[in-house]
Structures are given as structure tokens and as C-alpha cells.
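Student: Sharing data.tsv below, TSV, C-alpha atoms:
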chain	number	residue	atom	x	y	z
A	1	MET	CA	256.13	-29.84	266.45
A	2	ILE	CA	258.31	-26.80	266.99
A	3	PHE	CA	257.07	-24.19	264.55
A	4	ALA	CA	259.28	-21.68	262.74
A	5	GLU	CA	259.07	-19.35	259.74
A	6	TRP	CA	261.74	-17.81	257.53
A	7	LYS	CA	263.01	-14.41	258.52
A	8	PRO	CA	262.49	-11.75	255.83
A	9	LEU	CA	264.91	-12.42	252.95
A	10	GLU	CA	266.07	-8.79	253.07
A	11	GLU	CA	267.19	-9.32	256.68
A	12	LEU	CA	269.08	-12.49	255.73
A	13	THR	CA	270.89	-10.98	252.74
A	14	ASP	CA	271.82	-7.93	254.85
A	15	LYS	CA	273.36	-10.25	257.41
A	16	LEU	CA	275.34	-12.38	254.95
A	17	GLY	CA	276.54	-9.68	252.55
A	18	GLY	CA	280.04	-9.35	253.98
A	19	PHE	CA	280.97	-13.02	253.89
A	20	LYS	CA	282.69	-15.00	251.13
A	21	LYS	CA	281.38	-18.47	251.92
A	22	VAL	CA	278.36	-19.41	254.02
A	23	LEU	CA	276.89	-22.73	255.08
A	24	LEU	CA	273.08	-22.93	255.00
A	25	ALA	CA	272.14	-25.66	257.46
A	26	GLY	CA	268.71	-27.26	257.64
A	27	CYS	CA	267.14	-29.75	260.02
A	28	ALA	CA	264.99	-32.65	258.83
A	29	THR	CA	262.83	-32.82	261.94
A	30	CYS	CA	260.27	-30.28	263.26
A	31	VAL	CA	261.16	-27.41	260.93
A	32	ALA	CA	260.88	-29.75	257.96
A	33	GLU	CA	257.34	-30.64	259.08
A	34	CYS	CA	256.41	-26.95	259.16
A	35	ALA	CA	258.08	-26.37	255.76
A	36	ALA	CA	260.62	-23.84	257.06
A	37	GLY	CA	263.92	-25.62	257.53
A	38	GLY	CA	264.01	-29.08	255.93
A	39	GLU	CA	265.96	-30.22	252.90
A	40	LYS	CA	263.40	-28.82	250.47
A	41	GLU	CA	263.49	-25.42	252.16
A	42	VAL	CA	267.29	-25.44	252.11
A	43	GLU	CA	267.15	-26.07	248.36
A	44	THR	CA	264.62	-23.24	248.01
A	45	LEU	CA	266.39	-20.70	250.19
A	46	ALA	CA	269.90	-21.30	248.82
A	47	PRO	CA	269.20	-20.02	245.28
A	48	LEU	CA	267.16	-17.14	246.70
A	49	LEU	CA	270.09	-16.09	248.89
A	50	ARG	CA	272.53	-16.40	245.99
A	51	MET	CA	270.28	-14.30	243.75
A	52	GLY	CA	269.39	-11.78	246.48
A	53	LEU	CA	273.05	-11.31	247.41
A	54	LYS	CA	274.07	-10.98	243.75
A	55	GLU	CA	271.35	-8.38	243.26
A	56	LYS	CA	272.94	-6.40	246.11
A	57	GLY	CA	276.36	-6.72	244.52
A	58	PHE	CA	277.77	-9.48	246.72
A	59	ASP	CA	279.37	-12.69	245.49
A	60	VAL	CA	278.76	-15.13	248.31
A	61	GLU	CA	279.19	-18.86	247.89
A	62	ILE	CA	276.42	-20.75	249.66
A	63	LEU	CA	277.04	-24.37	250.68
A	64	THR	CA	274.12	-26.47	251.88
A	65	ALA	CA	273.56	-29.34	254.30
A	66	THR	CA	270.57	-30.76	256.11
A	67	LEU	CA	271.04	-32.70	259.32
A	68	GLU	CA	268.63	-35.32	260.62
A	69	LYS	CA	268.48	-33.30	263.85
A	70	GLN	CA	270.29	-30.10	264.68
A	71	CYS	CA	269.48	-30.50	268.37
A	72	GLU	CA	271.55	-33.67	268.90
A	73	TRP	CA	275.32	-33.45	269.25
A	74	GLU	CA	275.92	-36.67	267.30
A	75	PHE	CA	274.26	-35.18	264.23
A	76	VAL	CA	275.76	-31.71	264.71
A	77	GLU	CA	279.20	-33.29	264.52
A	78	GLU	CA	278.53	-34.21	260.88
A	79	LEU	CA	278.98	-30.53	259.99
A	80	ALA	CA	282.48	-30.22	261.47
A	81	GLU	CA	284.37	-30.46	258.17
A	82	LEU	CA	281.97	-28.21	256.25
A	83	VAL	CA	282.03	-25.50	258.91
A	84	GLN	CA	285.82	-25.31	258.61
A	85	GLN	CA	285.38	-24.26	254.96
A	86	VAL	CA	283.02	-21.33	255.58
A	87	ASP	CA	283.06	-17.87	257.18
A	88	ALA	CA	279.59	-18.10	258.68
A	89	VAL	CA	276.64	-20.41	259.16
A	90	LEU	CA	272.97	-19.67	258.55
A	91	SER	CA	270.80	-22.19	260.37
A	92	ILE	CA	267.15	-22.65	259.51
A	93	ALA	CA	266.58	-25.05	262.38
A	94	CYS	CA	264.65	-23.92	265.45
A	95	GLY	CA	266.37	-21.84	268.12
A	96	ILE	CA	267.65	-25.02	269.75
A	97	GLY	CA	269.44	-26.09	266.58
A	98	VAL	CA	270.92	-22.63	266.05
A	99	GLN	CA	272.31	-22.64	269.58
A	100	ALA	CA	273.68	-26.15	269.21
A	101	LEU	CA	275.67	-25.08	266.13
A	102	ALA	CA	276.78	-21.85	267.81
A	103	GLU	CA	278.00	-23.81	270.84
A	104	ARG	CA	279.79	-26.56	268.91
A	105	PHE	CA	281.32	-24.19	266.32
A	106	ASP	CA	281.88	-21.16	268.52
A	107	GLU	CA	284.72	-19.89	266.34
A	108	ARG	CA	282.23	-19.09	263.55
A	109	PRO	CA	279.25	-16.70	263.54
A	110	VAL	CA	276.00	-18.69	263.43
A	111	TYR	CA	272.88	-16.77	262.42
A	112	PRO	CA	269.24	-17.81	262.68
A	113	GLY	CA	267.41	-17.95	259.36
A	114	VAL	CA	264.03	-18.50	260.96
A	115	ASN	CA	261.94	-17.14	263.80
A	116	THR	CA	260.87	-19.95	266.12
A	117	SER	CA	257.47	-19.12	267.50
A	118	ALA	CA	255.29	-21.95	268.80
A	119	LEU	CA	254.57	-25.61	269.51
A	120	THR	CA	251.94	-26.49	266.97
A	121	ILE	CA	249.97	-29.15	265.21
A	122	ARG	CA	249.40	-29.14	261.45
A	123	GLN	CA	245.64	-28.92	261.28
A	124	GLU	CA	245.50	-29.14	257.52
A	125	SER	CA	247.81	-28.50	254.62
A	126	GLY	CA	249.27	-25.01	255.09
A	127	LEU	CA	247.61	-24.37	258.48
A	128	TRP	CA	249.36	-24.78	261.83
A	129	ALA	CA	247.90	-23.97	265.23
A	130	SER	CA	249.34	-23.72	268.76
A	131	ARG	CA	248.72	-26.68	271.00
A	132	CYS	CA	251.29	-26.46	273.81
A	133	ALA	CA	253.11	-23.69	275.65
A	134	ALA	CA	255.61	-25.98	277.44
A	135	CYS	CA	254.40	-24.49	280.72
A	136	GLY	CA	255.81	-27.30	282.84
A	137	ASP	CA	252.59	-28.00	284.80
A	138	CYS	CA	250.18	-29.73	282.43
A	139	VAL	CA	246.47	-29.24	283.09
A	140	LEU	CA	245.12	-31.19	280.10
A	141	GLY	CA	243.75	-33.84	282.48
A	142	GLU	CA	241.40	-31.28	284.02
A	143	THR	CA	240.50	-29.44	280.83
A	144	PHE	CA	239.37	-32.40	278.74
A	145	GLY	CA	242.48	-32.47	276.58
A	146	LEU	CA	242.24	-28.83	275.49
A	147	CYS	CA	245.03	-26.47	276.58
A	148	PRO	CA	243.93	-23.10	277.98
A	149	VAL	CA	247.55	-21.99	278.41
A	150	ALA	CA	248.49	-22.23	274.71
A	151	ARG	CA	245.07	-21.75	273.18
A	152	CYS	CA	243.60	-18.89	275.22
A	153	ALA	CA	245.00	-15.45	274.36
A	154	LYS	CA	245.03	-14.64	278.09
A	155	SER	CA	245.95	-18.15	279.28
A	156	LEU	CA	242.93	-18.04	281.59
A	157	MET	CA	242.64	-21.02	283.92
A	158	ASN	CA	239.08	-20.63	285.18
A	159	GLY	CA	236.75	-20.14	282.26
A	160	PRO	CA	236.22	-17.76	279.35
A	161	CYS	CA	236.76	-14.03	279.52
A	162	GLY	CA	233.98	-11.62	278.62
A	163	GLY	CA	235.19	-11.28	275.06
A	164	THR	CA	234.01	-14.54	273.58
A	165	ARG	CA	231.97	-13.82	270.44
A	166	ALA	CA	228.41	-15.02	270.00
A	167	ASN	CA	229.62	-17.70	267.58
A	168	GLY	CA	232.13	-19.03	270.11
A	169	SER	CA	235.29	-17.55	268.63
A	170	CYS	CA	237.96	-15.50	270.38
A	171	GLU	CA	237.57	-11.72	270.54
A	172	LEU	CA	241.10	-11.34	269.12
A	173	ASP	CA	240.65	-13.57	266.08
A	174	GLU	CA	237.33	-14.74	264.70
A	175	ASP	CA	239.04	-17.72	263.06
A	176	VAL	CA	240.19	-19.06	266.45
A	177	ASP	CA	237.78	-20.85	268.74
A	178	CYS	CA	237.48	-19.68	272.34
A	179	ILE	CA	239.18	-22.62	274.00
A	180	TRP	CA	236.99	-22.34	277.10
A	181	LYS	CA	233.90	-22.62	274.93
A	182	LEU	CA	235.36	-25.89	273.55
A	183	ILE	CA	236.30	-27.11	277.05
A	184	VAL	CA	232.78	-26.48	278.32
A	185	ASP	CA	231.25	-28.16	275.23
A	186	ARG	CA	233.42	-31.25	275.71
A	187	ALA	CA	232.73	-31.38	279.47
A	188	GLU	CA	229.03	-31.16	278.75
A	189	ALA	CA	229.20	-33.92	276.12
A	190	ARG	CA	230.88	-36.18	278.66
A	191	GLY	CA	228.35	-35.30	281.36
A	192	ALA	CA	231.12	-33.87	283.52
A	193	LEU	CA	230.30	-30.17	283.53
A	194	GLU	CA	230.36	-30.04	287.34
A	195	SER	CA	234.06	-30.95	287.36
A	196	LEU	CA	234.82	-27.50	285.96
A	197	ALA	CA	233.22	-25.90	289.00
A	198	GLU	CA	235.65	-27.56	291.40
A	199	ILE	CA	238.00	-25.19	293.20
A	200	LYS	CA	241.53	-25.96	292.08
A	201	LYS	CA	244.91	-24.96	293.45
A	202	PRO	CA	246.63	-22.11	291.65
A	203	LYS	CA	248.73	-23.29	288.74
A	204	ASP	CA	252.45	-23.57	289.45
A	205	TRP	CA	253.91	-21.06	287.00
A	206	SER	CA	257.40	-21.51	288.46
A	207	ALA	CA	257.83	-24.52	286.17
A	208	SER	CA	257.20	-22.29	283.16
A	209	ARG	CA	259.53	-19.62	281.77
A	210	HIS	CA	258.64	-17.48	284.79
A	211	GLY	CA	260.87	-19.80	286.83
A	212	GLY	CA	263.96	-18.91	284.81
A	213	PRO	CA	265.97	-21.10	282.40
A	214	LYS	CA	265.13	-24.76	282.78
A	215	ARG	CA	267.74	-27.36	283.58
A	216	VAL	CA	266.63	-30.93	284.13
A	217	ILE	CA	268.80	-33.65	285.65
A	218	ARG	CA	267.79	-37.31	285.67
A	219	GLU	CA	270.44	-39.19	287.56
A	220	GLU	CA	269.32	-42.59	286.26
A	221	LEU	CA	270.27	-41.51	282.75
A	222	ARG	CA	273.57	-39.83	283.55
A	223	GLN	CA	276.92	-41.49	282.97
B	1	MET	CA	278.76	-3.61	228.40
B	2	SER	CA	276.14	-5.67	230.18
B	3	ALA	CA	272.74	-6.37	228.71
B	4	LYS	CA	271.30	-4.55	231.73
B	5	SER	CA	273.01	-1.35	230.67
B	6	ASN	CA	271.83	-1.68	227.09
B	7	LYS	CA	268.25	-2.86	227.13
B	8	ASN	CA	267.86	-2.39	223.39
B	9	CYS	CA	270.35	-5.21	222.76
B	10	PHE	CA	268.89	-7.44	225.44
B	11	GLU	CA	267.43	-10.66	224.07
B	12	PRO	CA	265.74	-12.44	226.99
B	13	GLU	CA	266.29	-16.16	227.36
B	14	VAL	CA	262.93	-17.69	228.29
B	15	VAL	CA	262.52	-21.20	229.66
B	16	LEU	CA	259.09	-22.44	228.64
B	17	LEU	CA	257.77	-25.28	230.79
B	18	TYR	CA	254.49	-26.74	229.64
B	19	CYS	CA	252.16	-29.55	230.59
B	20	GLN	CA	251.92	-32.22	227.89
B	21	HIS	CA	248.12	-32.10	228.14
B	22	CYS	CA	247.70	-28.39	227.42
B	23	VAL	CA	249.15	-28.49	223.92
B	24	GLY	CA	247.81	-29.78	220.63
B	25	ASP	CA	249.32	-32.58	218.57
B	26	GLY	CA	252.79	-31.77	217.30
B	27	ALA	CA	253.08	-28.54	219.29
B	28	GLU	CA	256.35	-29.59	220.88
B	29	ILE	CA	257.94	-30.14	217.49
B	30	ALA	CA	256.46	-26.93	216.17
B	31	VAL	CA	257.69	-24.74	219.03
B	32	GLN	CA	261.20	-26.08	218.63
B	33	SER	CA	261.24	-25.27	214.95
B	34	GLN	CA	259.83	-21.74	215.35
B	35	GLN	CA	262.16	-18.80	215.02
B	36	ALA	CA	261.93	-16.49	218.01
B	37	CYS	CA	262.56	-12.84	217.23
B	38	GLY	CA	264.19	-10.66	219.91
B	39	PHE	CA	264.39	-13.44	222.47
B	40	SER	CA	265.38	-17.09	222.77
B	41	VAL	CA	263.22	-19.90	224.09
B	42	ARG	CA	264.01	-23.25	225.66
B	43	PRO	CA	260.83	-25.35	225.63
B	44	MET	CA	260.47	-28.27	228.02
B	45	MET	CA	257.44	-30.55	228.18
B	46	MET	CA	256.28	-31.82	231.60
B	47	PRO	CA	253.91	-34.67	232.50
B	48	CYS	CA	251.89	-32.15	234.58
B	49	SER	CA	252.48	-28.50	235.57
B	50	SER	CA	252.38	-29.59	239.21
B	51	LYS	CA	255.62	-31.53	238.72
B	52	ILE	CA	257.35	-28.16	238.90
B	53	GLU	CA	258.36	-27.53	242.50
B	54	VAL	CA	259.49	-24.15	243.82
B	55	PRO	CA	263.23	-24.98	243.99
B	56	TYR	CA	263.26	-26.12	240.34
B	57	ILE	CA	262.21	-22.75	239.00
B	58	LEU	CA	264.54	-20.90	241.37
B	59	ARG	CA	267.39	-23.08	240.16
B	60	ILE	CA	266.57	-22.25	236.53
B	61	LEU	CA	266.79	-18.55	237.39
B	62	GLU	CA	269.91	-19.07	239.46
B	63	GLN	CA	271.55	-20.66	236.42
B	64	GLY	CA	270.92	-17.53	234.40
B	65	ALA	CA	267.61	-17.82	232.54
B	66	ASP	CA	266.01	-14.38	232.25
B	67	ALA	CA	262.46	-15.65	232.63
B	68	VAL	CA	260.37	-18.78	233.15
B	69	GLU	CA	256.88	-19.28	231.76
B	70	LEU	CA	254.86	-22.22	233.02
B	71	VAL	CA	251.94	-23.31	230.86
B	72	ALA	CA	249.26	-25.30	232.65
B	73	CYS	CA	245.87	-26.77	231.85
B	74	PRO	CA	242.81	-24.55	232.37
B	75	ASP	CA	240.86	-24.47	235.64
B	76	GLY	CA	238.94	-27.71	235.94
B	77	GLY	CA	240.84	-29.24	233.02
B	78	CYS	CA	243.78	-30.81	234.88
B	79	ARG	CA	243.90	-34.60	234.53
B	80	PHE	CA	245.28	-34.75	238.06
B	81	LEU	CA	242.37	-32.54	239.22
B	82	VAL	CA	244.37	-29.99	241.26
B	83	GLY	CA	247.74	-30.12	239.51
B	84	SER	CA	247.37	-26.82	237.67
B	85	LEU	CA	245.94	-25.17	240.81
B	86	ARG	CA	249.02	-26.26	242.76
B	87	ALA	CA	251.23	-24.95	239.98
B	88	GLU	CA	249.51	-21.57	240.11
B	89	LYS	CA	249.96	-21.32	243.88
B	90	ARG	CA	253.65	-22.16	243.55
B	91	ILE	CA	254.13	-19.51	240.87
B	92	ASP	CA	252.40	-16.91	243.08
B	93	TYR	CA	254.71	-17.90	245.95
B	94	ILE	CA	257.83	-17.67	243.78
B	95	ARG	CA	256.78	-14.23	242.54
B	96	LYS	CA	256.46	-13.05	246.16
B	97	LEU	CA	259.90	-14.44	246.99
B	98	LEU	CA	261.47	-12.77	243.94
B	99	THR	CA	259.89	-9.47	244.97
B	100	GLN	CA	261.45	-9.82	248.43
B	101	ILE	CA	264.94	-10.09	246.93
B	102	ASN	CA	264.23	-7.34	244.40
B	103	PHE	CA	264.81	-9.77	241.53
B	104	GLY	CA	261.59	-9.00	239.67
B	105	ALA	CA	258.36	-10.98	240.05
B	106	GLU	CA	257.85	-10.60	236.29
B	107	ARG	CA	260.62	-13.10	235.66
B	108	VAL	CA	258.14	-15.89	236.39
B	109	GLY	CA	254.63	-16.32	235.09
B	110	ILE	CA	251.89	-18.85	234.39
B	111	SER	CA	249.43	-19.14	231.55
B	112	ARG	CA	246.80	-21.68	230.57
B	113	GLY	CA	246.01	-24.08	227.75
B	114	PRO	CA	244.31	-26.15	226.41
B	115	GLY	CA	245.12	-27.28	222.88
B	116	LEU	CA	247.88	-24.74	222.31
B	117	SER	CA	249.77	-24.85	219.02
B	118	GLY	CA	253.51	-24.33	218.68
B	119	GLU	CA	252.88	-20.75	217.54
B	120	GLU	CA	250.71	-20.06	220.56
B	121	LEU	CA	253.34	-21.47	222.92
B	122	LEU	CA	255.91	-19.25	221.29
B	123	ALA	CA	253.61	-16.25	221.70
B	124	LEU	CA	253.38	-16.96	225.44
B	125	ALA	CA	257.17	-17.05	225.64
B	126	ALA	CA	257.27	-13.76	223.70
B	127	ASP	CA	254.89	-12.16	226.22
B	128	ARG	CA	257.13	-13.27	229.09
B	129	ALA	CA	260.19	-11.96	227.25
B	130	GLU	CA	258.47	-8.57	226.89
B	131	ALA	CA	257.56	-8.59	230.58
B	132	VAL	CA	261.22	-8.87	231.59
B	133	ARG	CA	262.71	-6.61	228.93
B	134	ASN	CA	262.67	-3.60	231.26
B	135	LEU	CA	264.27	-5.61	234.06
B	136	GLY	CA	267.30	-6.36	231.94
B	137	ALA	CA	269.36	-9.52	231.94
B	138	ASN	CA	269.38	-11.87	234.89
B	139	PRO	CA	272.27	-10.73	237.12
B	140	MET	CA	273.13	-14.41	237.69
B	141	LYS	CA	274.07	-14.75	234.02
B	142	LYS	CA	277.80	-15.11	233.65
B	143	GLY	CA	279.43	-11.77	232.98
B	144	GLU	CA	276.51	-9.74	234.32
B	145	HIS	CA	277.24	-7.14	237.00
B	146	ARG	CA	274.97	-4.81	238.86
Kindly present the structure from the file in C-alpha cells form.

Tutor:
Amino acid sequence: MIFAEWKPLEELTDKLGGFKKVLLAGCATCVAECAAGGEKEVETLAPLLRMGLKEKGFDVEILTATLEKQCEWEFVEELAELVQQVDAVLSIACGIGVQALAERFDERPVYPGVNTSALTIRQESGLWASRCAACGDCVLGETFGLCPVARCAKSLMNGPCGGTRANGSCELDEDVDCIWKLIVDRAEARGALESLAEIKKPKDWSASRHGGPKRVIREELRQ
Amino acid sequence: MSAKSNKNCFEPEVVLLYCQHCVGDGAEIAVQSQQACGFSVRPMMMPCSSKIEVPYILRILEQGADAVELVACPDGGCRFLVGSLRAEKRIDYIRKLLTQINFGAERVGISRGPGLSGEELLALAADRAEAVRNLGANPMKKGEHR
């Protein structure tokens, strides 16, 4: 899922202080899964904003709505009437949702209420961990289903760095496994250790963010 | 004159949420019949302290209550095993959020049973009322201005 976390409440109340009426818009998809932007978080953040703004001396009316998906135009359209009633929108969807609202309702300021930071899996209740970096050239087939791009601090493609701790954790964070240690362990368990010694072509980073903004066209789907 | 500007006249309104299993027989009737001095209390019995979700307490404060005290079963004494633990984590989280908006973490607290009498419940509400007395009235209360 796309992972996001609330921006500091002080930053949000600073941003909204000058408005009379604001729409707080959530998204019931990824950001609901990571407990940052779903319906429950909208109902948590709305009273906090009202109280925080009141504490600063502002009377701001906060309306609320949660879309099924803020990244699909059909759902975004459901906000059209509500947006007409407000001076600004605070979106707690991921950066895609924020931009979708800003594009559709470009006559209104749309602010992000969260920082979108990673593509994660929920490992256990209250713990999320990176699993994908959307690099555009997936190597999971060669690394036994473990991603060295997202899960190595240096995104190394050819084995561990010299900083792996004796217990197999990363030198930057002892609670994070060195992904190359896990790759080697899994290769060994499958009796395929030699496959890691094969010389591989350099990874094509042009498909990642290094290649500039991505735009994908699939003619078979276009109308 | 707002209650904030005259703290001596301020009588905190405390919402007392308590798990039905952490009180003794008849406590709910007793707490309702007790006379609170220097504060007012609105008791509300819950099936378990863990039924209280974060937005519920924030909404109570948003609607003008000066303080909320949640009374849960003791560690290891929850009939739903981890209900009171969850409640405690939620209260800690709410207190952090209230600090972020400068609203006063003291407005929310948690205490533990078991077998509390009506008088003891009222004493917990009194402690919470004292904790918020210096903060003054909830600015969300109608007529309050900062």
C-alpha cells in the first residue's frame, strides 16, 4: 500500500487559520489501511483541527468527506458540490489524491494533510515496512522475492555492503534486516546460491524516477 | 467574563466513562446521586473501556466538556484480555495529540478499577477536575474566547 502519515498538527492549523470553511477529504483505500487518511482518521482529525484552530483564535468550519478513492476521477467528482461550499480543501489522501483534487478543483487551494513516504506492507498491527520503490525494472525474480532497491539503505544490487552487523541487521538500523543477508539465506535454502554469482547486466534506472516523470500509454485501453 | 479569565469561578465539567466491570454493585446509581463540589460530572457506563475509540473522546471535548476520565479494569483484569491495555494506549495517543494543538493533555486521563464504589468514581472525577483547573474552561464551550 501507499504509506502516509499526518503532517504535524501545528503545520496544518497554521495553514488553515485564515479560512472560514474547509473541507477535510479522506480516501478509503491505501491511506485508510495505514491509518492516516481513511474515514476514521477524518473523524479523528476534524475535531482536532477545530479545537486547534479555536485555541489559536480562529473560527473555521470543517466539513468532512471520505471518498472510496481519491485517485479516480469518477470518485473525485462526488466532491464537486461540497467543494463549491468551502474556501479550501485539506486532503489526507496520498500525493496522488491531493493532486487529483487540485487538478479537478483548481479554483480552490488544496493542501496536503499527510506526508506520503513509501510503498509498504503492514507487517503487524502498528508496524509498516517498505517493500517496493516503484523502480520500473523489477529484479525480484533474481533476488528470491526480496527487494534490494526498497529494502537496502544503499539500494545495492550485488550483495551486502561492509556495514552489515554480526546479527545480520543493517548498520543504519538494528531493527531492520540486511536484505542481502536475507537474499543469501533464501538462495542457500533453495540450493541456488550460485545464481547470485552470475554476472548480470546493469539495472536500467531510466525506468525509475531518474528517467523523469513517468507517462504510460497503452493504446489497447485508450478510447 | 470567561471561566478562563476567572479560574476561581471555574467549575470543570468532567465526563466520566467507566467500564461496567471495574465498579462494584450499585456504583452507577451511587455516582449519579453524589453531589460533586466545585465541578460537575457526567457518568457513562461502557461495556468495556476498549469500546472508547479516539474520535469519541475528541468529539466529547469538541462539544465542550472540560475533561474526560476513562476508568478501566486493572492490568490483567480485563474480561476481554487486552481491552484495558488498548484503552490506555488510546488515551496516551489522545494526550499526545492534545499537546500538539496546545489544548492540554491533562484534559484526558485514565485510571483503574476494580470494584470501585460510587464515591471512589466521584473521587476520580474530582482528581481530573483538579488537573484541568489551571487550564481553564474548554475553549470549545459556547461563549468561551481565547

Student: Tell me as a PyMOL selection string which residues belonging to chain B come within 7 Å of chain A, counting all atoms listed in the file.

Tutor: chain B and resi 54-55+58-59+62+100-101+103+139-140+146

Student: In Å, how far is it from CA of Lys200 in chain A to CA of Cys135 in chain A?

Tutor: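 Distance reported for this atom pair: 17.2 Å.
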
Student: CA of Arg131 in chain A and CA of Phe75 in chain A are how many Å apart?

Tutor: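 Computing it gives 27.8 Å between the two atoms.
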
Student: Find the residue from B:Gly118, B:Gly83, B:Gly104, B:Gly26 that sits nearest to Pro43 in chain B; use only C-alpha atoms when measuring.

Tutor: B:Gly118

Student: Would you list the contacts of Ile179 in chain A as an NGL selection string, taking every protein, DNA or RNA residue within 8 Å and counting only C-alpha atoms, but skipping same-chain residues closer than 2 positions in sequence?

Tutor: :A and (146-148 or 151-152 or 160 or 177 or 181-183)

Student: A:Leu16, A:Trp205, A:Val31, A:Asp185: which is nearest Pro109 in chain A, counting all atoms listed in the file?

Tutor: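 Of all the options, A:Leu16 lies closest to Pro109 in chain A.
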
Student: Would you work out the distance separating CA of Asp137 in chain A from CA of Asp175 in chain A, expressed in Å to one decimal?

Tutor: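 So the two atoms, CA of Asp137 in chain A and CA of Asp175 in chain A, lie 27.6 Å apart.
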
Student: Tell me, as a PyMOL selection string, which residues lie within 12 Å of Arg90 in chain B, counting all atoms listed in the file; anything in the same chain fewer than 5 positions away does not count.

Tutor: (chain A and resi 44) or (chain B and resi 49-58+70+83-85+95-97+108-110)

Student: Please return as a list in words every residue within 10 Å of (270.0, -15.5, 261.5), taking into account all atoms listed in the file and the file's own coordinates.

Tutor: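 Within the cut-off we find Trp6, Lys7, Glu11, Leu12, Thr13, Lys15, Leu16, Val89, Leu90, Ser91, Ile92, Gly95, Val98, Pro109, Val110, Tyr111, Pro112, Gly113, Val114 and Asn115 of chain A.
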